[in-house]
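A.B. asks: Okay, so here is structure_39.pdb, and as you'll see once you scroll down, it has PDB, C-alpha atoms and all ligand atoms.
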```
ATOM      1  CA  MET M  22      -3.462 125.153 116.522  1.00  0.00           C
ATOM      2  CA  SER M  23      -5.709 126.198 113.687  1.00  0.00           C
ATOM      3  CA  PRO M  24      -4.016 126.134 110.311  1.00  0.00           C
ATOM      4  CA  LEU M  25      -5.338 129.661 109.780  1.00  0.00           C
ATOM      5  CA  THR M  26      -3.269 131.076 112.632  1.00  0.00           C
ATOM      6  CA  ALA M  27      -0.217 128.814 112.383  1.00  0.00           C
ATOM      7  CA  ARG M  28       2.841 130.624 111.100  1.00  0.00           C
ATOM      8  CA  ASN M  29       5.018 127.561 110.575  1.00  0.00           C
ATOM      9  CA  PRO M  30       2.774 124.515 110.637  1.00  0.00           C
ATOM     10  CA  ASN M  31       4.558 121.178 110.745  1.00  0.00           C
ATOM     11  CA  GLU M  32       4.047 118.815 107.841  1.00  0.00           C
ATOM     12  CA  SER M  33       1.937 116.624 110.106  1.00  0.00           C
ATOM     13  CA  ASP M  34      -0.339 119.551 111.002  1.00  0.00           C
ATOM     14  CA  ARG M  35      -0.831 120.639 107.460  1.00  0.00           C
ATOM     15  CA  ASP M  36      -4.257 120.520 106.062  1.00  0.00           C
ATOM     16  CA  ALA M  37      -4.207 117.967 103.224  1.00  0.00           C
ATOM     17  CA  GLN M  38      -6.707 120.095 101.335  1.00  0.00           C
ATOM     18  CA  ALA M  39      -4.445 123.139 101.449  1.00  0.00           C
ATOM     19  CA  ILE M  40      -1.522 121.087 100.156  1.00  0.00           C
ATOM     20  CA  ALA M  41      -3.668 119.695  97.356  1.00  0.00           C
ATOM     21  CA  ALA M  42      -4.868 123.220  96.499  1.00  0.00           C
ATOM     22  CA  ALA M  43      -1.297 124.541  96.357  1.00  0.00           C
ATOM     23  CA  ALA M  44      -0.237 121.573  94.230  1.00  0.00           C
ATOM     24  CA  ALA M  45      -3.096 122.289  91.831  1.00  0.00           C
ATOM     25  CA  VAL M  46      -1.892 125.882  91.408  1.00  0.00           C
ATOM     26  CA  GLY M  47       1.644 124.654  90.694  1.00  0.00           C
ATOM     27  CA  PRO M  48       4.922 126.282  91.703  1.00  0.00           C
ATOM     28  CA  LEU M  49       4.435 129.995  92.420  1.00  0.00           C
ATOM     29  CA  PHE M  50       8.081 130.960  92.031  1.00  0.00           C
ATOM     30  CA  THR M  51       9.351 131.450  88.489  1.00  0.00           C
ATOM     31  CA  GLU M  52      12.864 132.706  89.319  1.00  0.00           C
ATOM     32  CA  ILE M  53      14.982 134.067  92.143  1.00  0.00           C
ATOM     33  CA  ASP M  54      14.620 137.816  91.699  1.00  0.00           C
ATOM     34  CA  HIS M  55      17.175 138.945  94.244  1.00  0.00           C
ATOM     35  CA  VAL M  56      18.932 138.136  97.477  1.00  0.00           C
ATOM     36  CA  ALA M  57      19.332 141.163  99.715  1.00  0.00           C
ATOM     37  CA  ILE M  58      22.326 141.382 102.033  1.00  0.00           C
ATOM     38  CA  ALA M  59      22.420 143.963 104.813  1.00  0.00           C
ATOM     39  CA  VAL M  60      25.775 145.681 105.231  1.00  0.00           C
ATOM     40  CA  ASP M  61      27.041 148.390 107.565  1.00  0.00           C
ATOM     41  CA  ASP M  62      28.985 150.341 104.946  1.00  0.00           C
ATOM     42  CA  LEU M  63      27.763 150.155 101.367  1.00  0.00           C
ATOM     43  CA  GLY M  64      30.973 151.563  99.886  1.00  0.00           C
ATOM     44  CA  ALA M  65      33.157 149.096 101.761  1.00  0.00           C
ATOM     45  CA  ALA M  66      30.891 146.189 100.817  1.00  0.00           C
ATOM     46  CA  LEU M  67      30.974 147.176  97.143  1.00  0.00           C
ATOM     47  CA  ASP M  68      34.768 147.342  97.287  1.00  0.00           C
ATOM     48  CA  SER M  69      34.803 143.801  98.681  1.00  0.00           C
ATOM     49  CA  TYR M  70      32.456 142.494  95.986  1.00  0.00           C
ATOM     50  CA  ARG M  71      34.531 144.206  93.286  1.00  0.00           C
ATOM     51  CA  GLU M  72      37.850 142.935  94.649  1.00  0.00           C
ATOM     52  CA  ALA M  73      36.731 139.402  95.465  1.00  0.00           C
ATOM     53  CA  PHE M  74      34.308 138.735  92.611  1.00  0.00           C
ATOM     54  CA  GLY M  75      34.863 141.434  89.987  1.00  0.00           C
ATOM     55  CA  ALA M  76      31.244 142.413  90.571  1.00  0.00           C
ATOM     56  CA  VAL M  77      29.780 145.276  88.540  1.00  0.00           C
ATOM     57  CA  VAL M  78      27.118 147.577  89.976  1.00  0.00           C
ATOM     58  CA  ASP M  79      23.984 147.673  87.828  1.00  0.00           C
ATOM     59  CA  HIS M  80      22.685 150.676  89.705  1.00  0.00           C
ATOM     60  CA  ARG M  81      22.485 152.358  93.094  1.00  0.00           C
ATOM     61  CA  GLU M  82      19.313 153.682  94.565  1.00  0.00           C
ATOM     62  CA  LEU M  83      18.257 155.633  97.626  1.00  0.00           C
ATOM     63  CA  ILE M  84      14.918 154.449  98.963  1.00  0.00           C
ATOM     64  CA  ASP M  85      13.985 157.300 101.245  1.00  0.00           C
ATOM     65  CA  ASP M  86      10.770 155.767 102.596  1.00  0.00           C
ATOM     66  CA  ASP M  87      12.643 152.706 103.878  1.00  0.00           C
ATOM     67  CA  GLY M  88      15.753 154.618 104.989  1.00  0.00           C
ATOM     68  CA  VAL M  89      17.912 152.402 102.804  1.00  0.00           C
ATOM     69  CA  GLU M  90      20.497 152.780 100.103  1.00  0.00           C
ATOM     70  CA  GLU M  91      20.962 149.800  97.834  1.00  0.00           C
ATOM     71  CA  ALA M  92      23.488 148.743  95.239  1.00  0.00           C
ATOM     72  CA  ILE M  93      22.306 146.186  92.724  1.00  0.00           C
ATOM     73  CA  LEU M  94      24.670 143.626  91.231  1.00  0.00           C
ATOM     74  CA  LYS M  95      23.345 141.621  88.305  1.00  0.00           C
ATOM     75  CA  VAL M  96      24.006 137.883  88.317  1.00  0.00           C
ATOM     76  CA  ALA M  97      22.646 136.272  85.128  1.00  0.00           C
ATOM     77  CA  GLN M  98      18.889 136.963  85.312  1.00  0.00           C
ATOM     78  CA  SER M  99      18.909 137.628  89.073  1.00  0.00           C
ATOM     79  CA  TYR M 100      20.364 140.247  91.375  1.00  0.00           C
ATOM     80  CA  ILE M 101      22.259 140.631  94.588  1.00  0.00           C
ATOM     81  CA  LYS M 102      21.210 143.744  96.477  1.00  0.00           C
ATOM     82  CA  LEU M 103      23.586 145.137  99.043  1.00  0.00           C
ATOM     83  CA  ILE M 104      21.475 147.253 101.381  1.00  0.00           C
ATOM     84  CA  SER M 105      22.636 149.703 103.981  1.00  0.00           C
ATOM     85  CA  PRO M 106      20.630 151.957 106.299  1.00  0.00           C
ATOM     86  CA  THR M 107      20.583 155.714 105.832  1.00  0.00           C
ATOM     87  CA  ARG M 108      18.772 156.301 109.148  1.00  0.00           C
ATOM     88  CA  THR M 109      19.105 154.733 112.587  1.00  0.00           C
ATOM     89  CA  ASP M 110      15.323 154.135 112.712  1.00  0.00           C
ATOM     90  CA  SER M 111      15.169 152.105 109.481  1.00  0.00           C
ATOM     91  CA  ALA M 112      14.286 148.405 109.593  1.00  0.00           C
ATOM     92  CA  VAL M 113      17.671 147.516 108.121  1.00  0.00           C
ATOM     93  CA  ALA M 114      19.419 149.479 110.883  1.00  0.00           C
ATOM     94  CA  GLU M 115      17.492 147.406 113.436  1.00  0.00           C
ATOM     95  CA  PHE M 116      18.393 144.209 111.588  1.00  0.00           C
ATOM     96  CA  LEU M 117      22.103 145.105 111.659  1.00  0.00           C
ATOM     97  CA  ALA M 118      21.937 146.112 115.329  1.00  0.00           C
ATOM     98  CA  GLU M 119      20.352 142.766 116.252  1.00  0.00           C
ATOM     99  CA  GLY M 120      22.385 140.304 114.230  1.00  0.00           C
ATOM    100  CA  GLY M 121      25.031 142.135 112.254  1.00  0.00           C
ATOM    101  CA  GLU M 122      25.646 141.886 108.536  1.00  0.00           C
ATOM    102  CA  GLY M 123      24.122 139.043 106.580  1.00  0.00           C
ATOM    103  CA  VAL M 124      21.315 137.801 104.373  1.00  0.00           C
ATOM    104  CA  HIS M 125      18.289 140.047 104.917  1.00  0.00           C
ATOM    105  CA  HIS M 126      15.734 138.547 102.540  1.00  0.00           C
ATOM    106  CA  VAL M 127      15.232 136.381  99.481  1.00  0.00           C
ATOM    107  CA  ALA M 128      12.927 137.640  96.741  1.00  0.00           C
ATOM    108  CA  TYR M 129      11.260 135.277  94.297  1.00  0.00           C
ATOM    109  CA  ARG M 130       9.509 136.256  91.080  1.00  0.00           C
ATOM    110  CA  VAL M 131       5.858 135.343  90.762  1.00  0.00           C
ATOM    111  CA  ARG M 132       3.515 135.862  87.806  1.00  0.00           C
ATOM    112  CA  ASP M 133       0.787 137.501  89.898  1.00  0.00           C
ATOM    113  CA  CYS M 134       1.604 138.863  93.343  1.00  0.00           C
ATOM    114  CA  ALA M 135      -2.008 139.218  94.534  1.00  0.00           C
ATOM    115  CA  ALA M 136      -2.812 135.668  93.437  1.00  0.00           C
ATOM    116  CA  ALA M 137       0.356 134.369  95.135  1.00  0.00           C
ATOM    117  CA  LEU M 138      -0.707 136.104  98.366  1.00  0.00           C
ATOM    118  CA  ASP M 139      -4.101 134.387  98.146  1.00  0.00           C
ATOM    119  CA  VAL M 140      -2.474 130.974  97.717  1.00  0.00           C
ATOM    120  CA  VAL M 141      -0.147 131.514 100.681  1.00  0.00           C
ATOM    121  CA  ARG M 142      -2.989 132.713 102.907  1.00  0.00           C
ATOM    122  CA  ALA M 143      -5.270 129.885 101.794  1.00  0.00           C
ATOM    123  CA  ALA M 144      -2.548 127.483 102.933  1.00  0.00           C
ATOM    124  CA  GLY M 145      -2.778 129.061 106.395  1.00  0.00           C
ATOM    125  CA  TYR M 146       0.365 131.175 106.445  1.00  0.00           C
ATOM    126  CA  GLU M 147       0.495 134.699 107.807  1.00  0.00           C
ATOM    127  CA  VAL M 148       1.759 137.426 105.519  1.00  0.00           C
ATOM    128  CA  LEU M 149       3.289 140.792 106.367  1.00  0.00           C
ATOM    129  CA  ASP M 150       1.479 142.577 103.537  1.00  0.00           C
ATOM    130  CA  GLU M 151      -2.261 142.066 103.206  1.00  0.00           C
ATOM    131  CA  GLU M 152      -2.114 143.633  99.748  1.00  0.00           C
ATOM    132  CA  PRO M 153       0.783 143.849  97.273  1.00  0.00           C
ATOM    133  CA  ARG M 154       2.929 146.946  97.782  1.00  0.00           C
ATOM    134  CA  ARG M 155       4.309 149.073  94.958  1.00  0.00           C
ATOM    135  CA  ALA M 156       8.047 148.623  94.602  1.00  0.00           C
ATOM    136  CA  SER M 157      10.694 149.484  92.030  1.00  0.00           C
ATOM    137  CA  ARG M 158      10.511 146.013  90.438  1.00  0.00           C
ATOM    138  CA  GLY M 159       6.722 145.741  90.462  1.00  0.00           C
ATOM    139  CA  PRO M 160       4.121 144.747  93.058  1.00  0.00           C
ATOM    140  CA  THR M 161       5.661 142.867  95.976  1.00  0.00           C
ATOM    141  CA  ALA M 162       4.498 141.212  99.194  1.00  0.00           C
ATOM    142  CA  ALA M 163       6.418 139.726 102.092  1.00  0.00           C
ATOM    143  CA  LEU M 164       6.107 136.992 104.660  1.00  0.00           C
ATOM    144  CA  ILE M 165       8.380 135.273 107.144  1.00  0.00           C
ATOM    145  CA  LEU M 166       8.772 131.525 106.770  1.00  0.00           C
ATOM    146  CA  HIS M 167      11.211 129.348 108.717  1.00  0.00           C
ATOM    147  CA  GLY M 168      13.189 132.354 109.881  1.00  0.00           C
ATOM    148  CA  THR M 169      13.559 133.874 106.428  1.00  0.00           C
ATOM    149  CA  LEU M 170      12.013 137.100 105.197  1.00  0.00           C
ATOM    150  CA  ILE M 171      10.607 136.207 101.799  1.00  0.00           C
ATOM    151  CA  GLU M 172       9.517 138.673  99.158  1.00  0.00           C
ATOM    152  CA  MET M 173       7.268 137.722  96.260  1.00  0.00           C
ATOM    153  CA  VAL M 174       7.898 140.114  93.372  1.00  0.00           C
ATOM    154  CA  GLU M 175       5.656 140.298  90.357  1.00  0.00           C
ATOM    155  CA  ALA M 176       8.075 140.417  87.442  1.00  0.00           C
TER     156      ALA M 176
HETATM  157 CO    CO J 201      13.907 143.008  98.157  1.00  0.00          CO
END
```
Show the structure stored in the file as structure tokens.
Ligand code: CO
C.D. replies:
Amino acid sequence: MSPLTARNPNESDRDAQAIAAAAAVGPLFTEIDHVAIAVDDLGAALDSYREAFGAVVDHRELIDDDGVEEAILKVAQSYIKLISPTRTDSAVAEFLAEGGEGVHHVAYRVRDCAAALDVVRAAGYEVLDEEPRRASRGPTAALILHGTLIEMVEA
């Protein structure tokens, strides 16, 4: 399989040049920005987080385009986002229907989202966003790697 089309190349398949190029760039991730957890009932989930962990909501936000409501809990310099669908046709609704509640994605901070996308693509990995998308925290782009939806957030 060509490294340009491989989604999850094995170490042995990896192009030594791509690894060397990535190593030359250095680590892309500067921090965990947030972990998003899909829940059926946002109010019930927040109650659980308050009762179990004394969690405090930083803010709540309705993201109409994605059909999602999210509640953001600050943890040191990172966040936990509890996300719940507001429409049955939203991607999070599909996620919940397929596998139930659980970790939806992990978002890492990068210094430059477009540059990070270039590095990932140069290493032969497919991305879900060809260009960074505008998001509340800054430009972001996503890919799936080893079964995990990963977001790279410029922040
Ligand atoms: Co996110």
A.B. asks: Taking the file above as input, evaluate the PyMOL selection byres (((chain M and resi 63-78) around 12) and not hetatm) and report the hits as a list in words.
C.D. replies: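 Matching residues under the PyMOL selection byres (((chain M and resi 63-78) around 12) and not hetatm) are Ile58, Ala59, Val60, Asp61, Asp62, Asp79, His80, Arg81, Glu82, Leu83, Val89, Glu90, Glu91, Ala92, Ile93, Leu94, Lys95, Val96, Ala97, Tyr100, Ile101, Lys102, Leu103, Ile104, Ser105, Pro106, Thr107, Glu122 and Gly123 of chain M.
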A.B. asks: List the residues selected by the PyMOL selection byres (((chain M and resi 50) around 6) and not hetatm) in the file shown, writing them as a ChimeraX atom specification.
C.D. replies: /M:48-49,51-52,129-131
A.B. asks: Report the residues retrieved by the PyMOL selection byres (((not hetatm)) within 8 of (chain J and resi 201)) from the displayed file, expressed as a list of chain:residue names.
C.D. replies: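 Here the PyMOL selection byres (((not hetatm)) within 8 of (chain J and resi 201)) matches M:His55, M:Val56, M:Ala57, M:Lys102, M:His126, M:Val127, M:Ala128, M:Glu172.
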A.B. asks: Mind pulling up the distance from CA of Ala41 (chain M) to CA of Leu166 (chain M)?
C.D. replies: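 For CA of Leu166 (chain M) relative to CA of Ala41 (chain M), the distance reads 19.6 Å.
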A.B. asks: When distances are computed from all atoms listed in the file, which of M:Val141, M:Ala135, M:Ala45, M:Thr169 shows the smallest separation from Arg155 (chain M)?
C.D. replies: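 Among M:Val141, M:Ala135, M:Ala45, M:Thr169, it is M:Ala135 that comes nearest to Arg155 (chain M).
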A.B. asks: Using only C-alpha atoms, which of the listed residues (M:Leu170, M:Leu149, M:Cys134, M:Leu164) sits closest to Phe116 (chain M)?
C.D. replies: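 Smallest separation from Phe116 (chain M) among the options: M:Leu170.
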A.B. asks: Restricting the calculation to only C-alpha atoms, which member of M:Asp139, M:Asp85, M:Asp133, M:Asp150 is positioned closest to Val174 (chain M)?
C.D. replies: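 Comparing M:Asp139, M:Asp85, M:Asp133, M:Asp150 against Val174 (chain M), the winner is M:Asp133.
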A.B. asks: How many Å separate CA of Pro153 (chain M) from CA of Asp54 (chain M)?
C.D. replies: 16.1 Å
A.B. asks: Within 12 Å of Ala44 (chain M), counting only C-alpha atoms, which residues qualify if same-chain residues fewer than 6 places away don't, as a ChimeraX atom specification?
C.D. replies: /M:37-38,140-141,144
A.B. asks: Keeping only C-alpha atoms, write the selected residues as a PDB file, in the coordinates of the input.
C.D. replies:
```
ATOM      1  CA  ALA M  37      -4.207 117.967 103.224  1.00  0.00           C
ATOM      2  CA  GLN M  38      -6.707 120.095 101.335  1.00  0.00           C
ATOM      3  CA  VAL M 140      -2.474 130.974  97.717  1.00  0.00           C
ATOM      4  CA  VAL M 141      -0.147 131.514 100.681  1.00  0.00           C
ATOM      5  CA  ALA M 144      -2.548 127.483 102.933  1.00  0.00           C
TER       6      ALA M 144
END
```
A.B. asks: Taking all atoms listed in the file into account, name the residue in M:Gln98, M:Ala163, M:Asp86, M:Arg142 that is nearest to Asp110 (chain M).
C.D. replies: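 Among the listed residues, M:Asp86 lies closest to Asp110 (chain M).
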A.B. asks: I'd like the box whose edges run along x, y and z of the file and which contains every listed atom of region 122-127 of chain M, padded by 4 Å per side; could you state its centre and edge lengths in Å, one decimal, as AutoDock Vina command-line options?
C.D. replies:
```
--center_x 20.4 --center_y 139.1 --center_z 104.0 --size_x 18.4 --size_y 13.5 --size_z 17.1
```
A.B. asks: Mind giving me the straight-line distance from CA of Arg108 (chain M) to CA of Arg154 (chain M) in Å, one decimal?
C.D. replies: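 Interatomic distance here is 21.6 Å.
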A.B. asks: From the set M:Ala112, M:Ala162, M:Ala43, M:Ala176, which residue has the shortest atom-to-atom contact distance to His125 (chain M), counting only C-alpha atoms?
C.D. replies: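 Closest to His125 (chain M), using only C-alpha atoms: M:Ala112.
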A.B. asks: List every protein, DNA or RNA residue that has at least one atom no more than 7 Å from (-5.1, 139.4, 102.2) in the file's coordinates, counting only C-alpha atoms, and write the result as an NGL selection string.
C.D. replies: :M and (138-139 or 151-152)
A.B. asks: Where atoms are absent from region 162-173 of chain M, fill them in so it carries all heavy atoms, then output it as a compact mmCIF listing (two decimals), in the frame of the given file.
C.D. replies:
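Wrote it out as result.txt, contents follow:
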```txt
# COMPACT_ATOMS: atom_id res chain seq x y z
N ALA M 162 5.09 141.50 97.89
CA ALA M 162 4.50 141.21 99.19
C ALA M 162 5.46 140.32 99.96
O ALA M 162 6.21 139.54 99.36
CB ALA M 162 3.15 140.52 99.03
N ALA M 163 5.43 140.44 101.29
CA ALA M 163 6.42 139.73 102.09
C ALA M 163 5.77 138.85 103.15
O ALA M 163 4.63 139.09 103.58
CB ALA M 163 7.36 140.73 102.76
N LEU M 164 6.50 137.83 103.53
CA LEU M 164 6.11 136.99 104.66
C LEU M 164 7.38 136.44 105.28
O LEU M 164 8.45 136.51 104.67
CB LEU M 164 5.17 135.85 104.23
CG LEU M 164 5.75 134.76 103.33
CD1 LEU M 164 5.08 133.43 103.64
CD2 LEU M 164 5.53 135.11 101.86
N ILE M 165 7.24 135.92 106.50
CA ILE M 165 8.38 135.27 107.14
C ILE M 165 8.07 133.80 107.23
O ILE M 165 6.99 133.40 107.70
CB ILE M 165 8.65 135.86 108.55
CG1 ILE M 165 9.08 137.32 108.43
CG2 ILE M 165 9.72 135.04 109.28
CD1 ILE M 165 9.14 138.06 109.76
N LEU M 166 8.98 132.97 106.74
CA LEU M 166 8.77 131.52 106.77
C LEU M 166 10.08 130.86 107.18
O LEU M 166 11.12 131.10 106.57
CB LEU M 166 8.33 131.05 105.38
CG LEU M 166 7.65 129.69 105.29
CD1 LEU M 166 6.38 129.64 106.13
CD2 LEU M 166 7.32 129.36 103.84
N HIS M 167 10.03 130.06 108.23
CA HIS M 167 11.21 129.35 108.72
C HIS M 167 12.39 130.30 108.90
O HIS M 167 13.51 130.02 108.44
CB HIS M 167 11.58 128.18 107.80
CG HIS M 167 10.55 127.08 107.82
ND1 HIS M 167 10.55 126.09 108.79
CD2 HIS M 167 9.48 126.87 107.04
CE1 HIS M 167 9.51 125.28 108.57
NE2 HIS M 167 8.84 125.75 107.51
N GLY M 168 12.11 131.44 109.53
CA GLY M 168 13.19 132.35 109.88
C GLY M 168 13.73 133.18 108.74
O GLY M 168 14.74 133.88 108.90
N THR M 169 13.08 133.12 107.58
CA THR M 169 13.56 133.87 106.43
C THR M 169 12.50 134.86 105.96
O THR M 169 11.34 134.48 105.78
CB THR M 169 13.90 132.93 105.25
OG1 THR M 169 14.78 131.92 105.70
CG2 THR M 169 14.56 133.71 104.12
N LEU M 170 12.89 136.10 105.80
CA LEU M 170 12.01 137.10 105.20
C LEU M 170 11.98 136.83 103.70
O LEU M 170 13.04 136.81 103.04
CB LEU M 170 12.53 138.51 105.50
CG LEU M 170 11.73 139.70 104.94
CD1 LEU M 170 10.28 139.67 105.42
CD2 LEU M 170 12.40 141.00 105.33
N ILE M 171 10.79 136.57 103.21
CA ILE M 171 10.61 136.21 101.80
C ILE M 171 9.77 137.28 101.12
O ILE M 171 8.75 137.71 101.65
CB ILE M 171 9.89 134.83 101.69
CG1 ILE M 171 10.81 133.74 102.19
CG2 ILE M 171 9.45 134.57 100.26
CD1 ILE M 171 10.16 132.38 102.30
N GLU M 172 10.24 137.70 99.95
CA GLU M 172 9.52 138.67 99.16
C GLU M 172 9.02 137.96 97.90
O GLU M 172 9.76 137.17 97.31
CB GLU M 172 10.51 139.77 98.74
CG GLU M 172 10.06 141.18 98.94
CD GLU M 172 11.08 142.15 98.33
OE1 GLU M 172 12.28 142.05 98.63
OE2 GLU M 172 10.64 142.98 97.56
N MET M 173 7.80 138.25 97.52
CA MET M 173 7.27 137.72 96.26
C MET M 173 7.09 138.92 95.34
O MET M 173 6.27 139.80 95.60
CB MET M 173 5.94 137.01 96.50
CG MET M 173 6.07 135.83 97.47
SD MET M 173 4.57 134.83 97.61
CE MET M 173 3.42 135.99 98.36
```
